[in-house]
>>> print(open('entry.cif').read())   # mmCIF, C-alpha atoms
data_my_file
loop_
_atom_site.label_atom_id
_atom_site.label_comp_id
_atom_site.auth_asym_id
_atom_site.auth_seq_id
_atom_site.Cartn_x
_atom_site.Cartn_y
_atom_site.Cartn_z
CA MET A 1 90.38 89.26 61.72
CA THR A 2 93.01 88.75 59.04
CA THR A 3 96.71 89.14 59.72
CA ALA A 4 97.43 91.10 56.53
CA THR A 5 99.08 94.45 57.02
CA VAL A 6 96.92 97.44 56.17
CA SER A 7 97.69 100.13 53.62
CA PRO A 8 99.66 103.18 54.83
CA GLU A 9 96.76 105.61 54.43
CA LEU A 10 94.82 103.68 57.08
CA LEU A 11 97.64 103.87 59.60
CA LEU A 12 97.83 106.64 62.18
CA THR A 13 99.75 109.76 61.26
CA THR A 14 102.83 110.95 63.12
CA ASN A 15 100.82 113.78 64.71
CA GLN A 16 98.16 111.32 65.86
CA MET A 17 100.87 109.15 67.36
CA ALA A 18 102.35 112.16 69.14
CA SER A 19 98.92 112.95 70.55
CA PHE A 20 98.63 109.37 71.80
CA ALA A 21 102.07 109.68 73.42
CA ALA A 22 101.12 112.97 75.09
CA ARG A 23 97.52 112.34 76.13
CA GLY A 24 97.27 108.54 76.20
CA PHE A 25 94.25 108.29 73.95
CA LEU A 26 92.89 108.89 70.47
CA ARG A 27 89.25 109.52 69.67
CA PHE A 28 87.45 108.56 66.45
CA ASP A 29 83.92 109.94 66.30
CA SER A 30 81.17 108.00 64.48
CA LEU A 31 83.73 105.58 63.06
CA VAL A 32 81.50 102.50 63.03
CA PRO A 33 78.58 102.49 60.54
CA ASP A 34 75.03 102.53 61.90
CA ASP A 35 74.07 99.10 60.56
CA LEU A 36 76.97 97.50 62.43
CA ASN A 37 76.16 99.51 65.57
CA ARG A 38 72.65 98.03 65.46
CA ARG A 39 73.91 94.47 64.96
CA VAL A 40 76.28 94.85 67.92
CA MET A 41 73.47 96.28 70.06
CA ASP A 42 71.27 93.29 69.15
CA THR A 43 74.08 91.01 70.32
CA PHE A 44 74.40 92.83 73.65
CA ASP A 45 70.63 92.91 74.18
CA ALA A 46 70.48 89.14 73.60
CA GLY A 47 72.50 88.40 76.74
CA PRO A 48 76.03 87.88 78.03
CA VAL A 49 78.79 87.77 75.44
CA ALA A 50 81.16 84.79 75.71
CA ARG A 51 84.63 85.55 77.04
CA PRO A 52 87.36 83.90 74.96
CA ALA A 53 90.67 82.80 76.46
CA ALA A 54 93.38 85.40 76.99
CA GLY A 55 96.47 85.10 74.84
CA LEU A 56 94.82 84.01 71.60
CA PRO A 57 95.76 85.80 68.39
CA LEU A 58 93.03 88.34 67.75
CA SER A 59 92.42 86.73 64.35
CA GLU A 60 91.19 83.56 66.11
CA VAL A 61 88.86 85.13 68.68
CA TYR A 62 85.63 85.98 66.86
CA ALA A 63 83.53 83.84 64.55
CA PRO A 64 83.82 85.04 60.94
CA GLY A 65 80.88 87.25 60.03
CA SER A 66 79.83 87.86 63.64
CA PRO A 67 79.20 91.51 64.59
CA LEU A 68 82.31 91.73 66.78
CA ASP A 69 84.43 90.12 64.05
CA ASP A 70 83.08 92.64 61.54
CA LEU A 71 83.84 95.44 64.01
CA MET A 72 87.46 94.38 64.34
CA HIS A 73 87.68 93.92 60.56
CA LEU A 74 86.79 97.53 59.81
CA PRO A 75 89.78 98.89 57.86
CA GLU A 76 89.97 101.95 60.09
CA ILE A 77 90.06 99.76 63.22
CA GLN A 78 92.76 97.60 61.68
CA GLY A 79 94.79 100.71 60.92
CA ILE A 80 94.51 101.95 64.52
CA VAL A 81 95.38 98.55 65.98
CA GLN A 82 98.34 97.95 63.69
CA SER A 83 99.74 101.43 64.35
CA LEU A 84 99.71 100.94 68.10
CA VAL A 85 100.31 97.22 68.78
CA GLY A 86 101.24 95.78 65.38
CA PRO A 87 99.48 93.25 63.12
CA ASP A 88 97.33 90.54 64.67
CA PRO A 89 98.04 91.32 68.33
CA LEU A 90 97.11 89.03 71.21
CA PHE A 91 93.60 89.17 72.64
CA ASP A 92 93.75 89.98 76.35
CA HIS A 93 90.08 90.25 77.31
CA HIS A 94 86.90 92.00 76.36
CA ALA A 95 83.88 93.14 78.34
CA VAL A 96 80.50 94.68 77.76
CA HIS A 97 80.27 97.41 80.36
CA ILE A 98 76.71 98.18 81.38
CA ARG A 99 75.59 101.19 83.40
CA GLN A 100 72.09 100.79 84.74
CA PRO A 101 69.45 103.57 84.48
CA ASN A 102 69.25 106.27 87.15
CA GLU A 103 72.34 105.25 89.05
CA GLY A 104 73.20 107.30 92.10
CA ARG A 105 76.94 106.86 91.93
CA ALA A 106 79.69 106.72 89.37
CA GLN A 107 82.38 104.08 89.30
CA GLY A 108 85.52 105.07 91.17
CA LEU A 109 88.44 106.36 89.14
CA HIS A 110 90.91 103.56 88.38
CA GLY A 111 93.51 102.14 86.05
CA ASP A 112 92.80 98.69 84.62
CA ALA A 113 94.59 95.48 85.65
CA ILE A 114 97.49 96.07 88.10
CA ILE A 115 100.36 98.52 88.37
CA ASP A 116 102.34 98.24 85.14
CA THR A 117 105.86 99.63 84.83
CA ARG A 118 106.52 98.66 81.20
CA MET A 119 107.44 101.08 78.45
CA HIS A 120 105.83 98.56 76.08
CA PHE A 121 102.10 99.08 76.21
CA ASP A 122 98.76 97.42 75.63
CA ILE A 123 95.84 99.26 74.15
CA GLN A 124 92.19 99.22 75.06
CA LEU A 125 89.58 100.06 72.46
CA MET A 126 86.37 101.47 73.87
CA TYR A 127 83.43 101.35 71.50
CA PHE A 128 80.20 103.26 72.12
CA PRO A 129 77.51 101.56 69.99
CA HIS A 130 74.74 104.08 70.72
CA ASP A 131 74.53 107.83 71.25
CA THR A 132 75.91 108.81 74.67
CA PRO A 133 74.72 112.23 75.89
CA LEU A 134 76.19 113.84 79.00
CA GLU A 135 73.30 112.80 81.25
CA MET A 136 73.94 109.18 80.27
CA GLY A 137 77.42 109.44 81.70
CA GLY A 138 79.95 108.19 79.24
CA THR A 139 83.34 106.96 80.33
CA LEU A 140 85.36 109.62 82.14
CA LEU A 141 88.99 109.98 81.03
CA LEU A 142 91.85 111.84 82.60
CA PRO A 143 93.98 112.70 79.57
CA GLY A 144 97.72 112.44 80.10
CA SER A 145 97.45 110.16 83.16
CA GLN A 146 98.94 107.08 81.47
CA PHE A 147 102.42 107.36 82.97
CA ARG A 148 101.33 107.76 86.60
CA ARG A 149 102.12 104.61 88.53
CA ILE A 150 99.12 103.56 90.56
CA ASN A 151 97.46 100.24 91.28
CA GLU A 152 93.87 99.92 90.06
CA SER A 153 91.44 101.72 92.42
CA ASP A 154 94.14 103.32 94.60
CA ILE A 155 92.86 106.56 93.11
CA ALA A 156 89.13 106.03 93.73
CA ARG A 157 88.89 109.03 96.05
CA TYR A 158 89.83 111.44 93.27
CA GLN A 159 86.48 112.74 92.01
CA ASN A 160 87.16 115.56 89.56
CA PHE A 161 90.02 117.26 87.76
CA VAL A 162 90.30 120.34 85.61
CA GLY A 163 90.35 119.15 81.99
CA GLN A 164 88.83 115.70 82.58
CA ILE A 165 86.89 114.36 79.60
CA PRO A 166 83.42 112.84 79.91
CA MET A 167 82.80 110.80 76.75
CA VAL A 168 79.83 112.48 75.12
CA CYS A 169 79.57 111.04 71.64
CA GLU A 170 77.46 109.76 68.83
CA ALA A 171 76.90 106.09 68.08
CA GLY A 172 79.89 104.32 66.57
CA THR A 173 82.56 106.35 68.35
CA VAL A 174 85.77 104.53 69.28
CA LEU A 175 88.49 105.43 71.76
CA ALA A 176 91.96 103.93 71.62
CA LEU A 177 93.58 104.11 75.06
CA HIS A 178 97.03 103.46 76.47
CA HIS A 179 96.54 100.80 79.16
CA GLY A 180 97.56 103.21 81.91
CA ILE A 181 94.88 105.84 81.38
CA TRP A 182 92.82 106.68 84.48
CA HIS A 183 89.12 106.32 83.77
CA CYS A 184 85.75 105.31 85.18
CA GLY A 185 82.12 104.91 84.20
CA ARG A 186 80.19 108.10 84.98
CA ARG A 187 76.74 107.67 86.50
CA ASN A 188 73.87 107.14 84.09
CA GLN A 189 71.06 109.56 84.94
CA THR A 190 68.70 108.49 82.16
CA ASP A 191 66.06 105.77 82.15
CA ARG A 192 67.98 103.76 79.53
CA VAL A 193 70.74 101.19 79.90
CA ARG A 194 74.15 102.36 78.64
CA TYR A 195 76.58 100.03 76.90
CA MET A 196 80.27 100.33 76.20
CA PHE A 197 82.34 97.53 74.67
CA LYS A 198 85.98 97.31 75.67
CA ILE A 199 88.69 95.09 74.24
CA ARG A 200 92.31 94.93 75.43
CA LEU A 201 95.09 93.92 73.03
CA ASN A 202 98.73 93.02 73.70
CA PRO A 203 101.53 93.59 71.16
CA LYS A 204 103.47 90.68 69.68
CA VAL A 205 106.09 92.92 68.09
CA ARG A 206 108.37 95.71 69.32
CA GLN A 207 106.35 98.93 69.15
CA HIS A 208 108.81 100.75 66.93
CA ARG A 209 107.62 103.03 64.11
CA LEU A 210 104.44 101.02 63.45
CA TRP A 211 102.40 103.99 62.23
CA ASN A 212 102.64 105.87 58.90
CA THR A 213 106.08 107.35 59.49
CA GLY A 214 106.39 109.04 56.08
CA ASP A 215 106.88 112.47 57.68
CA LEU A 216 108.59 111.38 60.89
CA ASP A 217 112.21 111.96 59.92
CA ASP A 218 111.39 115.40 58.51
CA GLN A 219 109.54 116.32 61.69
CA MET A 220 112.43 115.13 63.86
CA GLN A 221 114.79 117.57 62.11
CA ALA A 222 113.78 120.49 64.35
CA ASP A 223 116.27 121.85 66.84
CA PRO A 224 116.66 118.87 69.17
CA VAL A 225 117.41 121.06 72.16
CA THR A 226 114.91 123.87 72.40
CA ASN A 227 112.49 123.19 69.46
CA LEU A 228 111.11 126.66 70.14
CA GLU A 229 110.49 127.48 66.51
CA ALA A 230 108.65 124.19 65.92
CA ARG A 231 106.55 124.52 69.06
CA ASN A 232 105.45 128.00 68.04
CA ARG A 233 104.40 127.09 64.49
CA THR A 234 100.74 127.56 63.66
CA GLU A 235 100.36 124.05 62.29
CA GLU A 236 100.45 121.16 64.73
CA ASN A 237 103.66 119.15 64.89
CA ILE A 238 105.24 116.64 67.23
CA TYR A 239 106.95 119.33 69.31
CA SER A 240 103.83 121.43 69.87
CA ILE A 241 101.73 118.34 70.62
CA LEU A 242 104.20 116.70 72.98
CA SER A 243 104.94 119.97 74.85
CA ARG A 244 101.35 120.89 75.65
CA PRO A 245 100.57 120.29 79.35
CA GLU A 246 97.22 119.05 80.59
CA PRO A 247 95.33 121.62 82.69
CA TRP A 248 95.26 119.30 85.71
CA TYR A 249 99.02 118.86 85.93
CA GLU A 250 100.53 120.18 89.14
CA PHE A 251 103.20 122.67 88.09
CA PRO A 252 106.35 120.81 89.20
CA VAL A 253 105.05 117.31 88.46
CA GLY A 254 103.85 118.48 85.06
CA ARG A 255 107.48 118.97 84.05
CA LEU A 256 108.14 115.33 84.88
CA GLU A 257 105.16 114.34 82.72
CA ILE A 258 106.84 116.07 79.77
CA VAL A 259 109.98 114.03 80.52
CA ASN A 260 107.83 110.89 80.57
CA ARG A 261 106.61 111.80 77.06
CA VAL A 262 110.18 112.34 75.85
CA LYS A 263 111.19 108.88 77.10
CA PHE A 264 108.12 107.33 75.48
CA TRP A 265 108.76 109.07 72.15
CA ARG A 266 112.36 107.85 72.22
CA PHE A 267 110.99 104.31 72.76
CA LEU A 268 108.56 104.63 69.85
CA THR A 269 111.01 106.16 67.38
CA GLY A 270 114.34 104.62 68.39
CA SER A 271 115.91 108.05 68.79
CA ASN A 272 118.19 108.37 71.82
CA THR A 273 118.58 112.14 71.51
CA PHE A 274 115.00 113.39 71.09
CA ASP A 275 114.12 116.03 73.67
CA LEU A 276 111.72 118.83 74.49
CA SER A 277 112.94 122.01 76.15
CA TYR A 278 116.35 120.54 77.05
CA TRP A 279 114.90 118.51 79.94
CA LEU A 280 116.77 115.22 79.42
CA THR A 281 119.70 116.67 77.46
CA ARG A 282 120.68 118.69 80.52
CA LEU A 283 120.61 115.64 82.80
CA GLU A 284 122.53 113.53 80.32
CA ASN A 285 125.44 115.96 80.29
CA GLU A 286 127.89 114.21 82.58
CA PRO A 287 131.30 114.94 81.07
CA GLU A 288 134.21 112.75 82.17
CA ASN A 289 136.98 114.26 80.05
CA LEU A 290 139.47 116.40 81.93
CA ALA A 291 139.93 120.05 81.09
CA PRO A 292 143.25 120.85 79.34
CA ALA A 293 145.98 121.85 81.75
CA ALA A 294 146.48 125.58 81.97
CA MET B 1 66.85 118.51 118.18
CA SER B 2 69.95 119.30 116.17
CA ALA B 3 73.25 117.48 115.75
CA GLN B 4 76.55 118.18 114.08
CA ARG B 5 77.83 116.53 110.91
CA GLN B 6 81.10 116.84 109.03
CA ILE B 7 81.61 117.70 105.38
CA ILE B 8 85.06 116.84 103.99
CA MET B 9 86.53 118.59 100.97
CA ILE B 10 89.87 117.52 99.48
CA LEU B 11 91.64 119.92 97.16
CA TYR B 12 94.55 118.92 94.94
CA LEU B 13 96.68 122.02 94.39
CA SER B 14 99.20 123.04 91.78
CA ASN B 15 102.09 123.10 94.25
CA SER B 16 102.67 122.94 98.00
CA ALA B 17 101.47 126.51 98.61
CA LEU B 18 97.99 126.69 100.06
CA ASP B 19 97.20 129.67 97.86
CA SER B 20 98.08 127.85 94.62
CA ASP B 21 95.48 126.85 92.03
CA VAL B 22 93.06 123.95 92.47
CA ARG B 23 93.65 121.14 89.96
CA GLY B 24 91.34 118.50 91.40
CA TRP B 25 88.68 118.13 94.10
CA THR B 26 86.62 115.65 96.09
CA ILE B 27 83.73 116.17 98.51
CA TYR B 28 82.14 113.78 101.02
CA ASP B 29 78.96 115.09 102.63
CA GLY B 30 78.35 113.63 106.11
CA THR B 31 74.87 115.18 106.27
CA GLY B 32 73.58 112.80 103.59
CA GLN B 33 72.00 115.76 101.79
CA THR B 34 74.23 115.48 98.70
CA TYR B 35 76.17 112.63 97.08
CA PRO B 36 79.13 114.01 95.13
CA THR B 37 80.68 111.36 92.89
CA THR B 38 83.32 110.85 90.22
CA GLY B 39 83.07 113.10 87.20
CA ASP B 40 80.10 115.14 88.44
CA SER B 41 81.63 118.60 88.02
CA ASP B 42 83.92 120.43 85.63
CA THR B 43 84.44 123.54 87.76
CA PRO B 44 86.55 123.61 90.94
CA PRO B 45 84.61 124.66 94.05
CA TYR B 46 87.28 127.27 94.81
CA PRO B 47 90.10 128.75 92.72
CA THR B 48 92.71 128.17 95.47
CA GLY B 49 93.01 126.50 98.86
CA LEU B 50 93.18 129.91 100.50
CA ALA B 51 89.85 130.88 98.92
CA ALA B 52 88.27 127.86 100.62
CA MET B 53 89.65 128.99 104.00
CA GLN B 54 88.25 132.45 103.41
CA ASP B 55 84.84 130.85 102.90
CA GLY B 56 84.94 129.13 106.28
CA TRP B 57 86.56 125.77 105.52
CA ARG B 58 89.06 124.58 108.16
CA VAL B 59 92.29 122.94 107.02
CA ILE B 60 92.67 119.64 108.89
CA GLN B 61 95.54 118.08 106.91
CA MET B 62 98.44 119.46 104.92
CA PRO B 63 100.69 117.24 102.78
CA GLN B 64 104.20 116.63 104.09
CA LEU B 65 107.08 117.46 101.80
CA ILE B 66 108.99 114.20 101.48
CA PRO B 67 112.06 113.79 99.22
CA PRO B 68 111.61 111.18 96.48
CA ASP B 69 112.98 107.71 97.10
CA LYS B 70 116.21 106.85 95.31
CA ASP B 71 115.60 105.91 91.66
CA LEU B 72 112.02 107.21 91.85
CA GLU B 73 112.96 110.86 91.38
CA TYR B 74 111.26 111.03 87.97
CA THR B 75 108.36 108.69 88.65
CA THR B 76 104.92 110.28 88.72
CA SER B 77 102.09 108.78 90.72
CA PHE B 78 99.56 110.14 93.24
CA PHE B 79 98.85 113.82 93.75
CA LYS B 80 101.39 115.27 96.16
CA PHE B 81 99.62 118.47 97.12
CA GLU B 82 96.49 117.08 98.76
CA TYR B 83 94.86 119.39 101.32
CA VAL B 84 91.95 118.19 103.44
CA PHE B 85 89.34 120.67 104.67
CA GLU B 86 86.30 120.27 106.88
CA LYS B 87 83.15 122.15 107.66
CA ILE B 88 80.91 121.26 110.60
CA VAL B 89 77.21 121.87 109.98
CA GLU B 90 74.09 121.59 112.10
CA VAL B 91 71.45 119.07 111.00
CA GLU B 92 68.11 117.98 112.39
CA ALA B 93 68.70 114.73 114.25
#
>>> encode(input="entry.cif", output="structure tokens")
Amino acid sequence: MTTATVSPELLLTTNQMASFAARGFLRFDSLVPDDLNRRVMDTFDAGPVARPAAGLPLSEVYAPGSPLDDLMHLPEIQGIVQSLVGPDPLFDHHAVHIRQPNEGRAQGLHGDAIIDTRMHFDIQLMYFPHDTPLEMGGTLLLPGSQFRRINESDIARYQNFVGQIPMVCEAGTVLALHHGIWHCGRRNQTDRVRYMFKIRLNPKVRQHRLWNTGDLDDQMQADPVTNLEARNRTEENIYSILSRPEPWYEFPVGRLEIVNRVKFWRFLTGSNTFDLSYWLTRLENEPENLAPAA
Amino acid sequence: MSAQRQIIMILYLSNSALDSDVRGWTIYDGTGQTYPTTGDSDTPPYPTGLAAMQDGWRVIQMPQLIPPDKDLEYTTSFFKFEYVFEKIVEVEA
């Protein structure tokens, strides 16, 4: 993978970035061309894929011209990666996840690695090289779970939530996930093996306005306190996207999830006044000046 | 000859009220007749915890209401409103 920066039209848009901040993932259907999907499948069918050392620059991980190198060289993939973790991030690890035919059980719900309290974030790309119908499982995602602090399979007894997303997709689909997203492999009830390739990447630069921010300042001009007009517009915008709760949120905790999004958006944009619905602005009002004497 | 087995159902509710909406659910079937697992259903088994009681499920655990620890007031983590139900069923031993 080269280290050159990609052109702005390949970077994520501000609305896509807001969706990532709110839901913790972005989905790109049929992004990878069929011929590359087949070459990757041939690689997986041939046997275990070597596991390079963690901490290498991504540009040094895959042999030039290999299927996985070509995958990471796709301009659209480079645009996604650069928008989220910057140019030529560090390789953390990769894995070919295999779900065997006719499994009785799904994997338990979990977050990867260990409990992670950073505002800085890693991403995980999940690539589905063949069609994945519902009966084949697909990875299960809980959208909007990325800020919940848990440690790996602490949450394995949670089986189902309203609004969970089973990845049903066509070959070549790619997910870009915040590292904190709760997920698991659903059971495969077909007679075919299911593959999913995952790669985790760490940023080398501060994750500040890395996407195509051409419209960001205009979007941030809405009423910083209530944003009611912006949230009610027909067309999607950062306020409507960031304010939309997930259907599984408990009512009181869901308000804290909106606050988590506000803090994350402030981190991404450098704004220290951005707010939704007055949640943080109210708490930050701690006047110290004395009232004039009567 | 028959024997008794336990089925456990855990409902994650929208707030601490037992009649609030179900947001998540888990079932463990001690009879061995079914094997519920992660991501196997998109529809809650009941709309509320109270609806489960009205269908014969017994509440065996209610979540305590515990104030947040200092400096963790805004931290989100596990589901707070976790209610555990049971049903005892007869099986052929």
>>> resolve_selection(input="entry.cif", expression="the PyMOL selection byres ((chain A and resi 142) around 8)", output="list in words")
Leu140, Leu141, Pro143, Gly144, Ser145, Phe161, Gly163, Gln164, Ile165, Ile181, Trp182 and His183 of chain A
>>> closest_atom_pairs(input="entry.cif", of="chain B", to="chain A", cutoff="9 Å", atoms="only C-alpha atoms", output="JSON lines")
{"residue": "B:Ile10", "atom": "CA", "partner": "A:Tyr158", "partner_atom": "CA", "distance": 8.7}
{"residue": "B:Tyr12", "atom": "CA", "partner": "A:Glu250", "partner_atom": "CA", "distance": 8.4}
{"residue": "B:Leu13", "atom": "CA", "partner": "A:Glu250", "partner_atom": "CA", "distance": 6.8}
{"residue": "B:Ser14", "atom": "CA", "partner": "A:Glu250", "partner_atom": "CA", "distance": 4.1}
{"residue": "B:Asn15", "atom": "CA", "partner": "A:Glu250", "partner_atom": "CA", "distance": 6.1}
{"residue": "B:Asp21", "atom": "CA", "partner": "A:Glu250", "partner_atom": "CA", "distance": 8.9}
{"residue": "B:Val22", "atom": "CA", "partner": "A:Val162", "partner_atom": "CA", "distance": 8.2}
{"residue": "B:Arg23", "atom": "CA", "partner": "A:Trp248", "partner_atom": "CA", "distance": 4.9}
{"residue": "B:Gly24", "atom": "CA", "partner": "A:Phe161", "partner_atom": "CA", "distance": 4.1}
{"residue": "B:Trp25", "atom": "CA", "partner": "A:Asn160", "partner_atom": "CA", "distance": 5.4}
{"residue": "B:Thr26", "atom": "CA", "partner": "A:Gln159", "partner_atom": "CA", "distance": 5.0}
{"residue": "B:Ile27", "atom": "CA", "partner": "A:Gln159", "partner_atom": "CA", "distance": 7.8}
{"residue": "B:Tyr35", "atom": "CA", "partner": "A:Arg105", "partner_atom": "CA", "distance": 7.8}
{"residue": "B:Pro36", "atom": "CA", "partner": "A:Gln159", "partner_atom": "CA", "distance": 8.1}
{"residue": "B:Thr37", "atom": "CA", "partner": "A:Ala106", "partner_atom": "CA", "distance": 5.9}
{"residue": "B:Thr38", "atom": "CA", "partner": "A:Gln159", "partner_atom": "CA", "distance": 4.1}
{"residue": "B:Gly39", "atom": "CA", "partner": "A:Asn160", "partner_atom": "CA", "distance": 5.3}
{"residue": "B:Asp40", "atom": "CA", "partner": "A:Asn160", "partner_atom": "CA", "distance": 7.2}
{"residue": "B:Ser41", "atom": "CA", "partner": "A:Asn160", "partner_atom": "CA", "distance": 6.5}
{"residue": "B:Asp42", "atom": "CA", "partner": "A:Val162", "partner_atom": "CA", "distance": 6.4}
{"residue": "B:Thr43", "atom": "CA", "partner": "A:Val162", "partner_atom": "CA", "distance": 7.0}
{"residue": "B:Pro44", "atom": "CA", "partner": "A:Val162", "partner_atom": "CA", "distance": 7.3}
{"residue": "B:Tyr74", "atom": "CA", "partner": "A:Leu256", "partner_atom": "CA", "distance": 6.1}
{"residue": "B:Thr75", "atom": "CA", "partner": "A:Arg148", "partner_atom": "CA", "distance": 7.4}
{"residue": "B:Thr76", "atom": "CA", "partner": "A:Arg148", "partner_atom": "CA", "distance": 4.9}
{"residue": "B:Ser77", "atom": "CA", "partner": "A:Arg148", "partner_atom": "CA", "distance": 4.3}
{"residue": "B:Phe78", "atom": "CA", "partner": "A:Ile150", "partner_atom": "CA", "distance": 7.1}
{"residue": "B:Phe79", "atom": "CA", "partner": "A:Glu250", "partner_atom": "CA", "distance": 8.0}
{"residue": "B:Lys80", "atom": "CA", "partner": "A:Glu250", "partner_atom": "CA", "distance": 8.6}
{"residue": "B:Phe81", "atom": "CA", "partner": "A:Glu250", "partner_atom": "CA", "distance": 8.2}
>>> resolve_selection(input="entry.cif", expression="the PyMOL selection byres ((chain A and resi 23-28) around 10)", output="VMD selection string")
chain A and resid 12 16 to 22 29 to 32 76 to 77 80 123 to 127 141 to 147 167 169 172 to 182 241 to 242 244 to 246 261
>>> residues_around(input="entry.cif", residues="segment 59-72 of chain B", least_positions_apart="4", cutoff="8 Å", atoms="all atoms listed in the file", output="PyMOL selection string")
chain B and resi 16+53+80-86
>>> residues_around(input="entry.cif", residues="Gly32 of chain B", least_positions_apart="5", cutoff="12 Å", atoms="only C-alpha atoms", output="list in words")
Arg5, Gln6, Ile7, Ile27, Val89, Val91, Glu92 and Ala93 of chain B
>>> atom_distance(input="entry.cif", atom1="atom CA of Gly30 of chain B", atom2="atom CA of Ile98 of chain A")
29.2 Å
>>> atom_distance(input="entry.cif", atom1="atom CA of Ser271 of chain A", atom2="atom CA of Arg200 of chain A")
27.8 Å
>>> resolve_selection(input="entry.cif", expression="the PyMOL selection byres ((chain A and resi 89-96) around 7)", output="VMD selection string")
chain A and resid 51 54 to 58 85 to 88 97 to 98 195 to 204
>>> residues_around(input="entry.cif", residues="Gln78 of chain A", least_positions_apart="5", cutoff="9 Å", atoms="all atoms listed in the file", output="VMD selection string")
chain A and resid 1 5 to 6 10 to 11 72 to 73 83 87 to 88
>>> atom_distance(input="entry.cif", atom1="atom CA of Trp211 of chain A", atom2="atom CA of Leu84 of chain A")
7.1 Å
>>> build_atoms(input="entry.cif", residues="segment 42-54 of chain B", atoms="N, CA, C and O atoms", output="CSV table (one decimal), in the coordinates of the input")
chain,number,residue,atom,x,y,z
B,42,ASP,N,82.8,120.0,86.4
B,42,ASP,CA,83.9,120.4,85.6
B,42,ASP,C,84.6,121.7,86.2
B,42,ASP,O,85.6,122.1,85.7
B,43,THR,N,84.0,122.3,87.2
B,43,THR,CA,84.4,123.5,87.8
B,43,THR,C,84.9,123.4,89.2
B,43,THR,O,84.1,122.9,90.0
B,44,PRO,N,86.1,123.7,89.5
B,44,PRO,CA,86.6,123.6,90.9
B,44,PRO,C,85.7,124.4,91.9
B,44,PRO,O,85.2,125.5,91.5
B,45,PRO,N,85.4,123.9,93.1
B,45,PRO,CA,84.6,124.7,94.0
B,45,PRO,C,85.2,126.0,94.5
B,45,PRO,O,84.5,126.9,94.9
B,46,TYR,N,86.6,126.0,94.5
B,46,TYR,CA,87.3,127.3,94.8
B,46,TYR,C,88.5,127.4,93.9
B,46,TYR,O,89.0,126.4,93.4
B,47,PRO,N,88.9,128.6,93.6
B,47,PRO,CA,90.1,128.8,92.7
B,47,PRO,C,91.4,128.3,93.4
B,47,PRO,O,92.3,127.9,92.7
B,48,THR,N,91.5,128.5,94.7
B,48,THR,CA,92.7,128.2,95.5
B,48,THR,C,92.3,127.6,96.8
B,48,THR,O,91.1,127.7,97.3
B,49,GLY,N,93.3,127.0,97.5
B,49,GLY,CA,93.0,126.5,98.9
B,49,GLY,C,92.7,127.6,99.8
B,49,GLY,O,91.8,127.5,100.7
B,50,LEU,N,93.4,128.7,99.6
B,50,LEU,CA,93.2,129.9,100.5
B,50,LEU,C,91.7,130.4,100.4
B,50,LEU,O,91.1,130.8,101.3
B,51,ALA,N,91.2,130.4,99.1
B,51,ALA,CA,89.8,130.9,98.9
B,51,ALA,C,88.9,130.0,99.7
B,51,ALA,O,87.8,130.5,100.2
B,52,ALA,N,89.1,128.7,99.8
B,52,ALA,CA,88.3,127.9,100.6
B,52,ALA,C,88.3,128.2,102.1
B,52,ALA,O,87.3,128.3,102.8
B,53,MET,N,89.5,128.5,102.6
B,53,MET,CA,89.6,129.0,104.0
B,53,MET,C,88.9,130.3,104.2
B,53,MET,O,88.2,130.4,105.3
B,54,GLN,N,88.9,131.2,103.3
B,54,GLN,CA,88.2,132.4,103.4
B,54,GLN,C,86.7,132.3,103.4
B,54,GLN,O,86.0,133.2,103.8
